[in-house]
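data_36.csv, holding CSV, C-alpha atoms and all ligand atoms:
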```csv
chain,number,residue,atom,x,y,z
A,1,MET,CA,126.9,75.7,76.4
A,2,LEU,CA,124.3,76.9,78.9
A,3,SER,CA,124.5,80.1,80.8
A,4,ILE,CA,125.1,79.7,84.5
A,5,ALA,CA,122.8,81.6,86.9
A,6,ILE,CA,124.8,83.8,89.3
A,7,TYR,CA,123.8,84.4,92.9
A,8,GLY,CA,121.1,87.1,93.0
A,9,GLU,CA,119.1,85.5,90.2
A,10,LYS,CA,115.7,84.4,91.6
A,11,ILE,CA,115.8,80.9,90.2
A,12,LEU,CA,118.6,80.0,92.7
A,13,ASN,CA,116.3,80.6,95.6
A,14,GLN,CA,113.3,78.7,94.3
A,15,GLN,CA,112.1,75.2,95.0
A,16,ALA,CA,112.6,73.2,91.8
A,17,GLU,CA,109.7,71.3,90.1
A,18,PRO,CA,109.7,67.4,89.9
A,19,VAL,CA,110.7,65.9,86.6
A,20,THR,CA,107.7,63.9,85.1
A,21,VAL,CA,108.7,63.3,81.5
A,22,PHE,CA,111.8,61.3,80.6
A,23,ASP,CA,112.2,62.2,76.9
A,24,ASN,CA,114.9,63.2,74.5
A,25,GLN,CA,114.7,66.8,75.6
A,26,LEU,CA,115.7,65.7,79.1
A,27,HIS,CA,118.6,63.7,77.6
A,28,THR,CA,119.7,66.8,75.7
A,29,LEU,CA,119.4,69.0,78.9
A,30,ALA,CA,121.6,66.4,80.8
A,31,ASP,CA,124.2,66.4,78.0
A,32,ASP,CA,124.3,70.2,77.9
A,33,MET,CA,124.5,70.5,81.7
A,34,LEU,CA,127.4,68.0,81.7
A,35,ALA,CA,129.3,70.0,79.0
A,36,THR,CA,128.6,73.3,80.8
A,37,MET,CA,129.9,71.8,84.1
A,38,GLN,CA,133.0,70.4,82.6
A,39,GLN,CA,133.8,73.7,80.8
A,40,ALA,CA,133.5,75.5,84.2
A,41,HIS,CA,135.6,72.8,86.0
A,42,GLY,CA,132.8,71.9,88.3
A,43,VAL,CA,132.2,68.6,90.1
A,44,GLY,CA,128.4,69.0,90.0
A,45,ILE,CA,125.7,71.2,88.5
A,46,ALA,CA,122.0,71.5,89.3
A,47,ALA,CA,119.2,72.4,86.8
A,48,PRO,CA,118.3,75.7,88.5
A,49,GLN,CA,121.9,76.8,87.9
A,50,VAL,CA,121.2,76.7,84.2
A,51,HIS,CA,117.8,78.4,84.6
A,52,ARG,CA,115.6,75.3,84.6
A,53,SER,CA,113.3,74.8,87.5
A,54,LEU,CA,113.7,71.0,87.6
A,55,GLN,CA,114.7,68.5,90.3
A,56,MET,CA,117.7,67.3,88.5
A,57,PHE,CA,121.5,67.5,88.9
A,58,ILE,CA,124.7,66.0,87.8
A,59,MET,CA,127.4,64.8,90.1
A,60,ALA,CA,130.7,64.1,88.5
A,61,SER,CA,133.6,64.1,91.0
A,62,ASN,CA,136.9,64.3,89.2
A,63,PRO,CA,140.3,65.8,90.1
A,64,ASN,CA,140.5,69.2,88.4
A,65,SER,CA,141.9,72.6,88.8
A,66,ARG,CA,139.2,73.6,91.3
A,67,TYR,CA,139.2,70.4,93.3
A,68,SER,CA,142.6,68.7,93.0
A,69,ASP,CA,141.9,66.0,95.6
A,70,ALA,CA,138.4,65.0,94.3
A,71,PRO,CA,137.9,61.2,93.6
A,72,MET,CA,137.2,60.1,90.1
A,73,MET,CA,133.7,58.9,89.2
A,74,ALA,CA,131.6,58.5,86.1
A,75,PRO,CA,129.2,61.4,85.8
A,76,GLN,CA,125.8,60.5,87.3
A,77,VAL,CA,122.5,62.2,86.4
A,78,VAL,CA,120.3,62.4,89.5
A,79,ILE,CA,116.5,63.1,89.2
A,80,ASN,CA,113.8,63.7,91.8
A,81,PRO,CA,116.3,62.8,94.6
A,82,GLN,CA,115.4,62.0,98.2
A,83,ILE,CA,117.8,61.7,101.2
A,84,LEU,CA,116.4,58.7,103.2
A,85,GLN,CA,118.9,58.4,106.0
A,86,THR,CA,122.1,60.2,107.2
A,87,SER,CA,125.0,59.3,109.3
A,88,VAL,CA,125.2,61.0,112.7
A,89,GLU,CA,128.7,62.2,111.9
A,90,GLN,CA,129.1,65.5,110.0
A,91,ILE,CA,132.3,66.7,108.4
A,92,ARG,CA,133.4,70.2,107.6
A,93,GLY,CA,135.0,70.7,104.2
A,94,GLU,CA,135.7,73.4,101.7
A,95,GLU,CA,133.1,74.0,98.9
A,96,GLY,CA,132.7,76.3,96.0
A,97,CYS,CA,129.8,76.8,93.7
A,98,LEU,CA,129.7,77.7,90.0
A,99,SER,CA,127.0,80.3,90.9
A,100,LEU,CA,129.3,82.0,93.4
A,101,PRO,CA,132.5,82.0,91.4
A,102,GLN,CA,134.7,84.0,93.8
A,103,GLU,CA,133.7,82.2,97.0
A,104,ARG,CA,134.9,79.2,98.9
A,105,CYS,CA,133.8,78.3,102.4
A,106,GLN,CA,133.8,75.5,105.0
A,107,VAL,CA,130.5,73.7,105.2
A,108,ALA,CA,129.4,70.9,107.5
A,109,ARG,CA,127.8,67.9,105.7
A,110,PHE,CA,126.8,64.4,106.7
A,111,GLU,CA,129.7,62.0,106.2
A,112,SER,CA,127.4,59.5,104.6
A,113,ILE,CA,123.8,59.5,103.3
A,114,GLU,CA,121.4,56.9,101.9
A,115,VAL,CA,119.7,58.3,98.8
A,116,ARG,CA,117.0,57.4,96.3
A,117,TYR,CA,116.7,59.0,92.9
A,118,GLN,CA,115.7,58.3,89.3
A,119,ASP,CA,118.3,58.1,86.5
A,120,ILE,CA,118.0,59.6,83.0
A,121,SER,CA,115.8,56.7,81.9
A,122,GLY,CA,113.4,57.1,84.9
A,123,GLU,CA,114.7,54.0,86.8
A,124,TRP,CA,114.9,54.3,90.5
A,125,CYS,CA,118.2,53.8,92.2
A,126,GLN,CA,119.0,53.5,95.9
A,127,GLU,CA,122.5,53.7,97.4
A,128,TRP,CA,124.7,54.9,100.2
A,129,LEU,CA,127.2,57.7,99.4
A,130,SER,CA,130.0,58.8,101.5
A,131,GLY,CA,132.8,61.4,101.7
A,132,PHE,CA,133.3,63.9,98.8
A,133,VAL,CA,130.5,62.3,96.7
A,134,ALA,CA,128.0,62.6,99.6
A,135,ARG,CA,129.1,66.2,99.9
A,136,ILE,CA,128.4,66.9,96.2
A,137,PHE,CA,125.0,65.3,96.5
A,138,GLN,CA,124.1,67.4,99.6
A,139,HIS,CA,125.3,70.6,97.9
A,140,GLU,CA,123.3,69.9,94.7
A,141,PHE,CA,120.3,68.7,96.6
A,142,ASP,CA,120.3,72.1,98.4
A,143,HIS,CA,120.1,73.8,95.0
A,144,LEU,CA,116.8,72.0,94.3
A,145,GLN,CA,115.4,73.5,97.5
A,146,GLY,CA,116.6,77.0,96.6
A,147,ILE,CA,119.4,76.9,99.1
A,148,THR,CA,122.9,78.0,98.0
A,149,LEU,CA,126.3,78.2,99.8
A,150,ARG,CA,125.4,81.8,100.7
A,151,GLU,CA,122.5,80.6,102.9
A,152,ARG,CA,124.7,77.8,104.4
A,153,MET,CA,127.5,80.4,105.2
A,154,SER,CA,125.2,82.7,107.1
A,155,GLU,CA,123.8,79.7,109.0
A,156,GLN,CA,127.2,78.5,110.0
A,157,ALA,CA,128.9,81.9,110.6
B,201,ZN,ZN,126.4,75.1,93.8
```

Translate this file's structure into structure tokens.
Amino acid sequence: MLSIAIYGEKILNQQAEPVTVFDNQLHTLADDMLATMQQAHGVGIAAPQVHRSLQMFIMASNPNSRYSDAPMMAPQVVINPQILQTSVEQIRGEEGCLSLPQERCQVARFESIEVRYQDISGEWCQEWLSGFVARIFQHEFDHLQGITLRERMSEQA
């Protein structure tokens, strides 16, 4: 289990560094992040949240005690992500964050996004995501730019 950075820790407001080496250490980090996320009943976790300044996150939507309506998907490791295109439409929805354990808030996100990223082997993937999965991607992508829900809240207040 990795310790989760809580809002106020500097790493949560820093731009993460690109991943350049896809080795066993990266696999171990991905496995540890997944275990940490599942233990905390999250649907996503970004490397800065476990004190690693790397452009890497896991999205793993699944219905659980924190998100009872979440769709089920196999956990996906996302590395060096880019958002290529977005829908015009944005949707407001409730979000929480493992780094802000007591807070929930309504955040507007694009309904669908076209994304490009590397998987754990370094292979590039490109796809359209929509709905809750697109919301997770945008939330975790924010973490890699040093943006948390706290910044989104003040922006939308
Ligand atoms: Zn978060």

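Residue nearest ligand ZN 201 (chain B) within the list A:Ala70, A:Cys97, A:Val50, A:Ala134: A:Cys97 [criterion: smallest interatomic distance, only C-alpha atoms and all ligand atoms].
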
May I have the residues within 12 Å of Pro63 (chain A) as a list in words, using all atoms listed in the file and disregarding those fewer than 4 positions away in the same chain? Gln38, His41, Gly42, Val43, Tyr67, Ser68, Asp69, Ala70, Pro71, Met72, Met73 and Phe132 of chain A

One decimal, in Å: what's the spacing between CA of Pro18 (chain A) and CA of Gln55 (chain A)?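 We find that CA of Pro18 (chain A) and CA of Gln55 (chain A) lie 5.1 Å from each other.
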
Counting only C-alpha atoms, the residue of A:Asn62, A:Gln14, A:Ser3, A:Ser112 that sits nearest Glu127 (chain A):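 Of A:Asn62, A:Gln14, A:Ser3, A:Ser112, the one nearest Glu127 (chain A), counting only C-alpha atoms, is A:Ser112.
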
Contact table chain A vs ligand ZN 201 (chain B), cut-off 9 Å, shortest pair per residue, all atoms listed in the file, as JSON lines:
```
{"residue": "A:Gly44", "atom": "CA", "partner": "B:ZN201", "partner_atom": "ZN", "distance": 7.5}
{"residue": "A:Ile45", "atom": "CA", "partner": "B:ZN201", "partner_atom": "ZN", "distance": 6.6}
{"residue": "A:Ala46", "atom": "CA", "partner": "B:ZN201", "partner_atom": "ZN", "distance": 7.3}
{"residue": "A:Gln49", "atom": "CA", "partner": "B:ZN201", "partner_atom": "ZN", "distance": 7.6}
{"residue": "A:Glu95", "atom": "CA", "partner": "B:ZN201", "partner_atom": "ZN", "distance": 8.5}
{"residue": "A:Gly96", "atom": "CA", "partner": "B:ZN201", "partner_atom": "ZN", "distance": 6.8}
{"residue": "A:Cys97", "atom": "CA", "partner": "B:ZN201", "partner_atom": "ZN", "distance": 3.8}
{"residue": "A:Leu98", "atom": "CA", "partner": "B:ZN201", "partner_atom": "ZN", "distance": 5.7}
{"residue": "A:Ser99", "atom": "CA", "partner": "B:ZN201", "partner_atom": "ZN", "distance": 6.0}
{"residue": "A:Leu100", "atom": "CA", "partner": "B:ZN201", "partner_atom": "ZN", "distance": 7.5}
{"residue": "A:Ile136", "atom": "CA", "partner": "B:ZN201", "partner_atom": "ZN", "distance": 8.8}
{"residue": "A:His139", "atom": "CA", "partner": "B:ZN201", "partner_atom": "ZN", "distance": 6.2}
{"residue": "A:Glu140", "atom": "CA", "partner": "B:ZN201", "partner_atom": "ZN", "distance": 6.1}
{"residue": "A:Asp142", "atom": "CA", "partner": "B:ZN201", "partner_atom": "ZN", "distance": 8.2}
{"residue": "A:His143", "atom": "CA", "partner": "B:ZN201", "partner_atom": "ZN", "distance": 6.5}
{"residue": "A:Ile147", "atom": "CA", "partner": "B:ZN201", "partner_atom": "ZN", "distance": 9.0}
{"residue": "A:Thr148", "atom": "CA", "partner": "B:ZN201", "partner_atom": "ZN", "distance": 6.2}
{"residue": "A:Leu149", "atom": "CA", "partner": "B:ZN201", "partner_atom": "ZN", "distance": 6.8}
```

Region 20-33 of chain A environment, 12 Å, all atoms listed in the file, sequence neighbours closer than 5 positions dropped, as a ChimeraX atom specification: /A:1-4,38-40,42-52,54-60,75-80,118-123

Restricting the calculation to all atoms listed in the file, which member of A:Gln15, A:Cys105, A:Ala5, A:Met37 is positioned closest to Arg150 (chain A)?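 Comparing A:Gln15, A:Cys105, A:Ala5, A:Met37 against Arg150 (chain A), the winner is A:Cys105.
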
Distance in Å - CA of Gln145 (chain A) versus CA of Gln102 (chain A):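 Taking CA of Gln145 (chain A) and CA of Gln102 (chain A), their separation equals 22.3 Å.
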
Go ahead and compute the interatomic distance for CA of Gln106 (chain A) and CA of Gln85 (chain A), in Å to one decimal.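 Atom-to-atom, CA of Gln106 (chain A) to CA of Gln85 (chain A), that is 22.7 Å.
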
Using only C-alpha atoms, which protein or nucleic acid residues come within 7 Å of Arg92 (chain A)? Drop anything in the same chain fewer than 6 positions from it, and give the result as JSON, numbers by chain. {"A": [106, 107, 108, 109]}

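Proximity to Glu9 (chain A) was assessed for A:Ala74, A:Gly146, A:Gln138, A:Glu151 counting only C-alpha atoms; the smallest distance is recorded for A:Gly146.
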
Of A:Ile83, A:Pro101, A:Asn13, A:Ser65, the one nearest to Tyr117 (chain A) when counting all atoms listed in the file is A:Ile83

Which residue gives the smallest distance to Gln82 (chain A) among A:Leu144, A:Leu34, A:Leu129, A:Val115, with all atoms listed in the file counted? A:Val115

Please extract region 61-89 of chain A and write it out with N, CA and C atoms, as a PDB file, in the first residue's frame.
```pdb
ATOM      1  N   SER A  61     -13.222   2.467 -13.439  1.00  0.00           N
ATOM      2  CA  SER A  61     -14.602   2.650 -13.006  1.00  0.00           C
ATOM      3  C   SER A  61     -15.185   1.315 -12.555  1.00  0.00           C
ATOM      4  N   ASN A  62     -15.803   1.320 -11.401  1.00  0.00           N
ATOM      5  CA  ASN A  62     -16.532   0.137 -10.921  1.00  0.00           C
ATOM      6  C   ASN A  62     -17.506   0.604  -9.863  1.00  0.00           C
ATOM      7  N   PRO A  63     -18.682  -0.037  -9.822  1.00  0.00           N
ATOM      8  CA  PRO A  63     -19.649   0.381  -8.808  1.00  0.00           C
ATOM      9  C   PRO A  63     -19.119   0.026  -7.419  1.00  0.00           C
ATOM     10  N   ASN A  64     -19.004   0.996  -6.533  1.00  0.00           N
ATOM     11  CA  ASN A  64     -18.519   0.711  -5.180  1.00  0.00           C
ATOM     12  C   ASN A  64     -19.202   1.634  -4.195  1.00  0.00           C
ATOM     13  N   SER A  65     -18.756   1.588  -2.935  1.00  0.00           N
ATOM     14  CA  SER A  65     -19.459   2.344  -1.900  1.00  0.00           C
ATOM     15  C   SER A  65     -19.374   3.855  -2.112  1.00  0.00           C
ATOM     16  N   ARG A  66     -18.330   4.323  -2.829  1.00  0.00           N
ATOM     17  CA  ARG A  66     -18.217   5.765  -3.049  1.00  0.00           C
ATOM     18  C   ARG A  66     -18.938   6.210  -4.326  1.00  0.00           C
ATOM     19  N   TYR A  67     -19.068   5.298  -5.308  1.00  0.00           N
ATOM     20  CA  TYR A  67     -19.727   5.631  -6.585  1.00  0.00           C
ATOM     21  C   TYR A  67     -20.629   4.464  -6.970  1.00  0.00           C
ATOM     22  N   SER A  68     -21.836   4.453  -6.439  1.00  0.00           N
ATOM     23  CA  SER A  68     -22.681   3.272  -6.618  1.00  0.00           C
ATOM     24  C   SER A  68     -23.164   3.118  -8.060  1.00  0.00           C
ATOM     25  N   ASP A  69     -23.229   4.200  -8.847  1.00  0.00           N
ATOM     26  CA  ASP A  69     -23.738   4.113 -10.216  1.00  0.00           C
ATOM     27  C   ASP A  69     -22.633   4.000 -11.274  1.00  0.00           C
ATOM     28  N   ALA A  70     -21.401   3.831 -10.835  1.00  0.00           N
ATOM     29  CA  ALA A  70     -20.289   3.816 -11.801  1.00  0.00           C
ATOM     30  C   ALA A  70     -20.351   2.573 -12.687  1.00  0.00           C
ATOM     31  N   PRO A  71     -20.092   2.720 -14.002  1.00  0.00           N
ATOM     32  CA  PRO A  71     -20.040   1.532 -14.867  1.00  0.00           C
ATOM     33  C   PRO A  71     -18.794   0.693 -14.579  1.00  0.00           C
ATOM     34  N   MET A  72     -18.891  -0.588 -14.933  1.00  0.00           N
ATOM     35  CA  MET A  72     -17.792  -1.527 -14.692  1.00  0.00           C
ATOM     36  C   MET A  72     -16.811  -1.497 -15.862  1.00  0.00           C
ATOM     37  N   MET A  73     -15.541  -1.395 -15.604  1.00  0.00           N
ATOM     38  CA  MET A  73     -14.534  -1.515 -16.663  1.00  0.00           C
ATOM     39  C   MET A  73     -13.286  -2.183 -16.096  1.00  0.00           C
ATOM     40  N   ALA A  74     -12.489  -2.793 -16.962  1.00  0.00           N
ATOM     41  CA  ALA A  74     -11.201  -3.334 -16.528  1.00  0.00           C
ATOM     42  C   ALA A  74     -10.279  -2.152 -16.242  1.00  0.00           C
ATOM     43  N   PRO A  75      -9.490  -2.225 -15.178  1.00  0.00           N
ATOM     44  CA  PRO A  75      -8.575  -1.122 -14.870  1.00  0.00           C
ATOM     45  C   PRO A  75      -7.630  -0.859 -16.043  1.00  0.00           C
ATOM     46  N   GLN A  76      -7.437   0.408 -16.361  1.00  0.00           N
ATOM     47  CA  GLN A  76      -6.551   0.798 -17.467  1.00  0.00           C
ATOM     48  C   GLN A  76      -5.451   1.725 -16.957  1.00  0.00           C
ATOM     49  N   VAL A  77      -4.205   1.367 -17.222  1.00  0.00           N
ATOM     50  CA  VAL A  77      -3.078   2.245 -16.896  1.00  0.00           C
ATOM     51  C   VAL A  77      -2.897   3.231 -18.057  1.00  0.00           C
ATOM     52  N   VAL A  78      -2.833   4.502 -17.742  1.00  0.00           N
ATOM     53  CA  VAL A  78      -2.751   5.578 -18.745  1.00  0.00           C
ATOM     54  C   VAL A  78      -1.469   6.369 -18.500  1.00  0.00           C
ATOM     55  N   ILE A  79      -0.605   6.436 -19.523  1.00  0.00           N
ATOM     56  CA  ILE A  79       0.714   7.059 -19.377  1.00  0.00           C
ATOM     57  C   ILE A  79       0.912   8.121 -20.457  1.00  0.00           C
ATOM     58  N   ASN A  80       1.498   9.240 -20.071  1.00  0.00           N
ATOM     59  CA  ASN A  80       1.777  10.374 -20.978  1.00  0.00           C
ATOM     60  C   ASN A  80       0.538  10.758 -21.797  1.00  0.00           C
ATOM     61  N   PRO A  81      -0.597  10.969 -21.150  1.00  0.00           N
ATOM     62  CA  PRO A  81      -1.847  11.193 -21.886  1.00  0.00           C
ATOM     63  C   PRO A  81      -1.943  12.578 -22.526  1.00  0.00           C
ATOM     64  N   GLN A  82      -2.705  12.598 -23.622  1.00  0.00           N
ATOM     65  CA  GLN A  82      -3.064  13.849 -24.298  1.00  0.00           C
ATOM     66  C   GLN A  82      -4.566  13.816 -24.568  1.00  0.00           C
ATOM     67  N   ILE A  83      -5.210  14.990 -24.508  1.00  0.00           N
ATOM     68  CA  ILE A  83      -6.606  15.110 -24.940  1.00  0.00           C
ATOM     69  C   ILE A  83      -6.573  15.784 -26.299  1.00  0.00           C
ATOM     70  N   LEU A  84      -7.001  15.050 -27.355  1.00  0.00           N
ATOM     71  CA  LEU A  84      -6.867  15.531 -28.730  1.00  0.00           C
ATOM     72  C   LEU A  84      -8.057  16.385 -29.153  1.00  0.00           C
ATOM     73  N   GLN A  85      -9.253  15.968 -28.753  1.00  0.00           N
ATOM     74  CA  GLN A  85     -10.487  16.658 -29.145  1.00  0.00           C
ATOM     75  C   GLN A  85     -11.487  16.492 -28.022  1.00  0.00           C
ATOM     76  N   THR A  86     -12.416  17.446 -27.944  1.00  0.00           N
ATOM     77  CA  THR A  86     -13.475  17.317 -26.944  1.00  0.00           C
ATOM     78  C   THR A  86     -14.820  17.572 -27.609  1.00  0.00           C
ATOM     79  N   SER A  87     -15.863  17.038 -26.987  1.00  0.00           N
ATOM     80  CA  SER A  87     -17.218  17.381 -27.413  1.00  0.00           C
ATOM     81  C   SER A  87     -17.444  18.847 -27.069  1.00  0.00           C
ATOM     82  N   VAL A  88     -18.445  19.442 -27.698  1.00  0.00           N
ATOM     83  CA  VAL A  88     -18.846  20.803 -27.316  1.00  0.00           C
ATOM     84  C   VAL A  88     -19.571  20.726 -25.979  1.00  0.00           C
ATOM     85  N   GLU A  89     -20.360  19.665 -25.840  1.00  0.00           N
ATOM     86  CA  GLU A  89     -21.203  19.528 -24.655  1.00  0.00           C
ATOM     87  C   GLU A  89     -20.395  19.238 -23.393  1.00  0.00           C
TER      88      GLU A  89
END
```
